[in-house]
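Listing of upload21.pdb, PDB, C-alpha atoms, pLDDT in the B column
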ATOM      1  CA  MET A1397       0.000   0.000   0.000  1.00 35.00           C
ATOM      2  CA  LEU A1398       1.296   3.419  -0.939  1.00 37.00           C
ATOM      3  CA  ARG A1399       1.174   5.915   1.909  1.00 40.00           C
ATOM      4  CA  ASN A1400       1.931   9.624   1.772  1.00 43.00           C
ATOM      5  CA  VAL A1401       2.475   9.439  -1.971  1.00 41.00           C
ATOM      6  CA  ARG A1402       0.337  11.438  -4.355  1.00 44.00           C
ATOM      7  CA  PRO A1403      -1.035   9.228  -7.163  1.00 44.00           C
ATOM      8  CA  GLU A1404       0.315  11.600  -9.821  1.00 45.00           C
ATOM      9  CA  GLU A1405       3.827  10.835  -8.515  1.00 44.00           C
ATOM     10  CA  VAL A1406       3.548   7.144  -9.394  1.00 42.00           C
ATOM     11  CA  SER A1407       3.644   5.922 -12.983  1.00 45.00           C
ATOM     12  CA  ILE A1408       2.855   2.705 -14.806  1.00 47.00           C
ATOM     13  CA  ALA A1409       4.973   1.763 -17.802  1.00 50.00           C
ATOM     14  CA  VAL A1410       3.690  -0.638 -20.438  1.00 52.00           C
ATOM     15  CA  ALA A1411       6.415  -2.532 -22.251  1.00 50.00           C
ATOM     16  CA  VAL A1412       6.025  -4.584 -25.414  1.00 52.00           C
ATOM     17  CA  ARG A1413       8.840  -6.926 -26.356  1.00 51.00           C
ATOM     18  CA  GLY A1414      11.205  -5.054 -24.057  1.00 51.00           C
ATOM     19  CA  THR A1415      10.357  -1.560 -25.317  1.00 52.00           C
ATOM     20  CA  VAL A1416       8.340   0.877 -23.223  1.00 49.00           C
ATOM     21  CA  VAL A1417       5.399   1.977 -25.363  1.00 50.00           C
ATOM     22  CA  ALA A1418       3.400   3.985 -22.819  1.00 50.00           C
ATOM     23  CA  VAL A1419       3.780   5.584 -19.436  1.00 47.00           C
ATOM     24  CA  SER A1420       0.788   6.773 -17.475  1.00 45.00           C
ATOM     25  CA  SER A1421       0.163   8.259 -14.071  1.00 41.00           C
ATOM     26  CA  ILE A1422      -1.340   5.659 -11.768  1.00 40.00           C
ATOM     27  CA  GLY A1423      -3.625   8.339 -10.334  1.00 42.00           C
ATOM     28  CA  ARG A1424      -5.991   8.041 -13.276  1.00 39.00           C
ATOM     29  CA  PHE A1425      -6.542   4.368 -12.433  1.00 41.00           C
ATOM     30  CA  LEU A1426      -6.975   4.785  -8.691  1.00 41.00           C
ATOM     31  CA  ASP A1427      -9.783   7.282  -8.368  1.00 41.00           C
ATOM     32  CA  PRO A1428     -11.907   8.939 -11.042  1.00 41.00           C
ATOM     33  CA  LEU A1429     -12.141  11.986  -8.793  1.00 39.00           C
ATOM     34  CA  LEU A1430      -8.410  12.540  -9.274  1.00 40.00           C
ATOM     35  CA  LEU A1431      -8.771  12.980 -13.035  1.00 39.00           C
ATOM     36  CA  PRO A1432      -7.955  16.425 -14.386  1.00 44.00           C
ATOM     37  CA  GLU A1433     -11.092  18.179 -15.613  1.00 44.00           C
ATOM     38  CA  ASN A1434      -9.796  18.377 -19.182  1.00 40.00           C
ATOM     39  CA  LEU A1435      -8.995  14.629 -19.422  1.00 41.00           C
ATOM     40  CA  MET A1436     -11.616  12.591 -21.233  1.00 45.00           C
ATOM     41  CA  LEU A1437     -11.752   8.828 -20.969  1.00 52.00           C
ATOM     42  CA  SER A1438     -12.113   6.859 -24.200  1.00 65.00           C
ATOM     43  CA  THR A1439     -15.528   5.365 -24.844  1.00 74.00           C
ATOM     44  CA  ASP A1440     -16.234   2.151 -26.728  1.00 71.00           C
ATOM     45  CA  THR A1441     -17.408   4.318 -29.634  1.00 80.00           C
ATOM     46  CA  ASP A1442     -14.082   6.223 -29.653  1.00 85.00           C
ATOM     47  CA  ILE A1443     -12.141   2.967 -29.602  1.00 90.00           C
ATOM     48  CA  LEU A1444     -14.099   1.354 -32.443  1.00 91.00           C
ATOM     49  CA  LYS A1445     -13.978   4.529 -34.550  1.00 92.00           C
ATOM     50  CA  THR A1446     -10.220   4.660 -34.009  1.00 93.00           C
ATOM     51  CA  ALA A1447      -9.875   1.038 -35.172  1.00 94.00           C
ATOM     52  CA  GLU A1448     -11.855   1.878 -38.298  1.00 94.00           C
ATOM     53  CA  ALA A1449      -9.832   5.048 -38.977  1.00 95.00           C
ATOM     54  CA  TRP A1450      -6.492   3.264 -38.516  1.00 96.00           C
ATOM     55  CA  LYS A1451      -7.599   0.507 -40.897  1.00 96.00           C
ATOM     56  CA  ARG A1452      -8.685   3.087 -43.507  1.00 96.00           C
ATOM     57  CA  GLU A1453      -5.194   4.637 -43.217  1.00 96.00           C
ATOM     58  CA  GLY A1454      -3.726   1.281 -44.234  1.00 97.00           C
ATOM     59  CA  ARG A1455      -2.434   0.257 -40.832  1.00 97.00           C
ATOM     60  CA  GLY A1456      -2.517  -3.297 -39.538  1.00 97.00           C
ATOM     61  CA  VAL A1457      -5.019  -3.274 -36.666  1.00 98.00           C
ATOM     62  CA  ALA A1458      -6.218  -5.680 -33.979  1.00 98.00           C
ATOM     63  CA  ILE A1459      -8.908  -5.313 -31.358  1.00 97.00           C
ATOM     64  CA  ALA A1460      -8.881  -7.011 -27.965  1.00 97.00           C
ATOM     65  CA  THR A1461     -12.133  -7.519 -26.064  1.00 96.00           C
ATOM     66  CA  VAL A1462     -12.714  -8.713 -22.497  1.00 95.00           C
ATOM     67  CA  VAL A1463     -15.101 -11.658 -22.966  1.00 96.00           C
ATOM     68  CA  GLU A1464     -15.173 -13.124 -19.468  1.00 95.00           C
ATOM     69  CA  THR A1465     -14.204 -12.176 -15.919  1.00 91.00           C
ATOM     70  CA  TRP A1466     -14.143 -14.015 -12.588  1.00 86.00           C
ATOM     71  CA  GLY A1467     -13.604 -12.505  -9.165  1.00 79.00           C
ATOM     72  CA  SER A1468     -11.797  -9.198  -9.004  1.00 76.00           C
ATOM     73  CA  ALA A1469     -11.162  -7.813 -12.493  1.00 80.00           C
ATOM     74  CA  PRO A1470     -10.119  -4.249 -13.326  1.00 80.00           C
ATOM     75  CA  ARG A1471     -12.287  -3.898 -16.464  1.00 86.00           C
ATOM     76  CA  PRO A1472     -15.765  -5.268 -17.225  1.00 90.00           C
ATOM     77  CA  VAL A1473     -16.799  -7.671 -19.974  1.00 93.00           C
ATOM     78  CA  GLY A1474     -17.018  -5.797 -23.260  1.00 93.00           C
ATOM     79  CA  SER A1475     -14.049  -3.510 -22.607  1.00 93.00           C
ATOM     80  CA  HIS A1476     -11.894  -2.932 -25.708  1.00 94.00           C
ATOM     81  CA  LEU A1477      -8.280  -2.194 -26.558  1.00 94.00           C
ATOM     82  CA  VAL A1478      -7.366  -1.351 -30.167  1.00 95.00           C
ATOM     83  CA  ILE A1479      -3.755  -1.799 -31.268  1.00 96.00           C
ATOM     84  CA  ASP A1480      -1.980  -0.970 -34.527  1.00 96.00           C
ATOM     85  CA  GLU A1481       1.127  -2.542 -36.043  1.00 96.00           C
ATOM     86  CA  ASP A1482       3.305   0.239 -34.594  1.00 94.00           C
ATOM     87  CA  THR A1483       2.088  -0.463 -31.019  1.00 92.00           C
ATOM     88  CA  ASN A1484      -0.165   2.602 -30.873  1.00 93.00           C
ATOM     89  CA  PHE A1485      -3.167   1.726 -28.750  1.00 92.00           C
ATOM     90  CA  LEU A1486      -6.371   3.150 -27.296  1.00 92.00           C
ATOM     91  CA  GLY A1487      -8.669   1.726 -24.640  1.00 92.00           C
ATOM     92  CA  SER A1488      -8.093  -0.762 -21.863  1.00 91.00           C
ATOM     93  CA  VAL A1489      -8.747  -4.413 -21.106  1.00 92.00           C
ATOM     94  CA  SER A1490      -7.056  -4.550 -17.722  1.00 85.00           C
ATOM     95  CA  GLY A1491      -4.265  -2.109 -17.072  1.00 71.00           C
ATOM     96  CA  GLY A1492      -0.611  -2.433 -16.229  1.00 69.00           C
ATOM     97  CA  CYS A1493       1.397  -5.343 -17.536  1.00 74.00           C
ATOM     98  CA  VAL A1494      -1.617  -7.333 -18.745  1.00 83.00           C
ATOM     99  CA  GLU A1495      -2.043  -4.738 -21.464  1.00 87.00           C
ATOM    100  CA  GLY A1496       1.597  -5.144 -22.474  1.00 89.00           C
ATOM    101  CA  ALA A1497       1.037  -8.888 -22.880  1.00 91.00           C
ATOM    102  CA  VAL A1498      -2.178  -8.288 -24.860  1.00 94.00           C
ATOM    103  CA  ILE A1499      -0.410  -5.779 -27.130  1.00 94.00           C
ATOM    104  CA  THR A1500       2.380  -8.297 -27.769  1.00 94.00           C
ATOM    105  CA  GLU A1501      -0.166 -10.962 -28.751  1.00 96.00           C
ATOM    106  CA  ALA A1502      -2.061  -8.420 -30.883  1.00 97.00           C
ATOM    107  CA  LEU A1503       1.072  -7.783 -32.943  1.00 97.00           C
ATOM    108  CA  ASP A1504       1.222 -11.507 -33.720  1.00 97.00           C
ATOM    109  CA  VAL A1505      -2.506 -11.510 -34.586  1.00 98.00           C
ATOM    110  CA  ILE A1506      -1.957  -8.610 -36.988  1.00 98.00           C
ATOM    111  CA  ALA A1507       0.956 -10.476 -38.598  1.00 97.00           C
ATOM    112  CA  ASP A1508      -0.635 -13.920 -39.002  1.00 97.00           C
ATOM    113  CA  GLY A1509      -4.367 -13.164 -38.968  1.00 97.00           C
ATOM    114  CA  LYS A1510      -5.095 -15.898 -36.412  1.00 98.00           C
ATOM    115  CA  ALA A1511      -7.359 -14.763 -33.560  1.00 98.00           C
ATOM    116  CA  ARG A1512      -6.365 -15.747 -30.035  1.00 97.00           C
ATOM    117  CA  MET A1513      -8.137 -16.251 -26.730  1.00 97.00           C
ATOM    118  CA  LEU A1514      -5.906 -15.120 -23.854  1.00 96.00           C
ATOM    119  CA  GLU A1515      -6.456 -15.852 -20.178  1.00 92.00           C
ATOM    120  CA  PHE A1516      -4.821 -14.115 -17.242  1.00 86.00           C
ATOM    121  CA  GLY A1517      -5.401 -14.923 -13.602  1.00 78.00           C
ATOM    122  CA  VAL A1518      -3.967 -15.559 -10.195  1.00 62.00           C
ATOM    123  CA  ALA A1519      -3.989 -19.324 -10.793  1.00 56.00           C
ATOM    124  CA  ASP A1520      -1.904 -18.810 -13.913  1.00 51.00           C
ATOM    125  CA  GLU A1521       1.850 -19.072 -13.368  1.00 56.00           C
ATOM    126  CA  THR A1522       2.256 -15.768 -15.218  1.00 53.00           C
ATOM    127  CA  ALA A1523      -0.215 -13.868 -12.991  1.00 51.00           C
ATOM    128  CA  TRP A1524       2.465 -12.045 -11.044  1.00 55.00           C
ATOM    129  CA  GLN A1525       4.439 -11.326 -14.224  1.00 56.00           C
ATOM    130  CA  VAL A1526       1.499  -9.578 -15.893  1.00 52.00           C
ATOM    131  CA  GLY A1527       0.201  -7.841 -12.767  1.00 52.00           C
ATOM    132  CA  LEU A1528      -3.051  -9.747 -12.148  1.00 50.00           C
ATOM    133  CA  SER A1529      -2.378 -10.992  -8.653  1.00 54.00           C
ATOM    134  CA  CYS A1530      -5.587  -9.496  -7.206  1.00 62.00           C
ATOM    135  CA  GLY A1531      -7.462 -12.799  -7.183  1.00 65.00           C
ATOM    136  CA  GLY A1532      -9.338 -12.319 -10.440  1.00 77.00           C
ATOM    137  CA  ARG A1533      -9.174 -13.852 -13.879  1.00 85.00           C
ATOM    138  CA  ILE A1534      -9.960 -12.396 -17.269  1.00 90.00           C
ATOM    139  CA  ARG A1535     -10.309 -13.821 -20.775  1.00 95.00           C
ATOM    140  CA  VAL A1536      -9.485 -11.533 -23.680  1.00 96.00           C
ATOM    141  CA  TYR A1537     -10.266 -12.290 -27.327  1.00 98.00           C
ATOM    142  CA  VAL A1538      -7.833 -10.683 -29.788  1.00 98.00           C
ATOM    143  CA  GLU A1539      -8.711 -10.484 -33.492  1.00 98.00           C
ATOM    144  CA  ARG A1540      -7.381  -8.715 -36.552  1.00 98.00           C
ATOM    145  CA  VAL A1541      -9.525  -5.984 -38.086  1.00 96.00           C
ATOM    146  CA  ASP A1542      -9.914  -6.770 -41.798  1.00 93.00           C
TER     147      ASP A1542
END
Rewrite the structure of this file - the entire thing - as structure tokens.
Amino acid sequence: MLRNVRPEEVSIAVAVRGTVVAVSSIGRFLDPLLLPENLMLSTDTDILKTAEAWKREGRGVAIATVVETWGSAPRPVGSHLVIDEDTNFLGSVSGGCVEGAVITEALDVIADGKARMLEFGVADETAWQVGLSCGGRIRVYVERVD
């Protein structure tokens, strides 16, 4: 537990294949009341429109969707994360290192066109590695946008 630390002082880095692709203040994940007034959260509509726009631009694109949750899970069923071939992304399926793992898999989906069902959870030996040690499990379906 963090004590006497302001959430904006703590950051989360998302790495894909050893390269940091995003850094975000943890404060935006801890309490919606801590969000700056000018910060807007992405909606499902924003995420799907972004996937469509990226595809129209000729980018390779994949979309990840939370299809099942058990116990404590950071994002509800139906949450989306869109990823392009250059590791740009919008949305969220979990947060932290889980998203890095999903982005890595999405790059493979873009390359080979084969959809994947991913599962992360505390019973999984990789739970601590991907940051899902809270007692929950999630299943994420990743597919290429054609």
*Evaluating the PyMOL selection byres ((chain A and resi 1458-1474) around 8) on the displayed file yields which residues, as a PyMOL selection string?*
chain A and resi 1447+1456-1457+1475-1480+1488-1491+1498+1502-1503+1505-1506+1530-1541
_Can you measure atom CA of Glu1515 of chain A to atom CA of Ala1497 of chain A for me? One decimal in Å is fine._
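The value is 10.6 Å.
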*Measuring atom to atom with all atoms listed in the file, identify which of A:Thr1483, A:Thr1439, A:Lys1451, A:Met1513 is nearest to Ile1499 of chain A.*
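For Ile1499 of chain A, the nearest of the candidates is A:Thr1483.
A straight line drawn from atom CA of Arg1452 of chain A to atom CA of Asp1542 of chain A is 10.1 Å long.
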*Have a look at atom CA of Asp1440 of chain A and atom CA of Glu1495 of chain A and let me know their distance in Å, one decimal.*
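Value for the atom CA of Asp1440 of chain A-atom CA of Glu1495 of chain A distance: 16.6 Å.
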*Pick the closest to Ile1443 of chain A from A:Gly1509, A:Gly1517, A:Phe1485, A:Glu1501: which is it, counting only C-alpha atoms?*
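Using only C-alpha atoms, Ile1443 of chain A sits closest to A:Phe1485.
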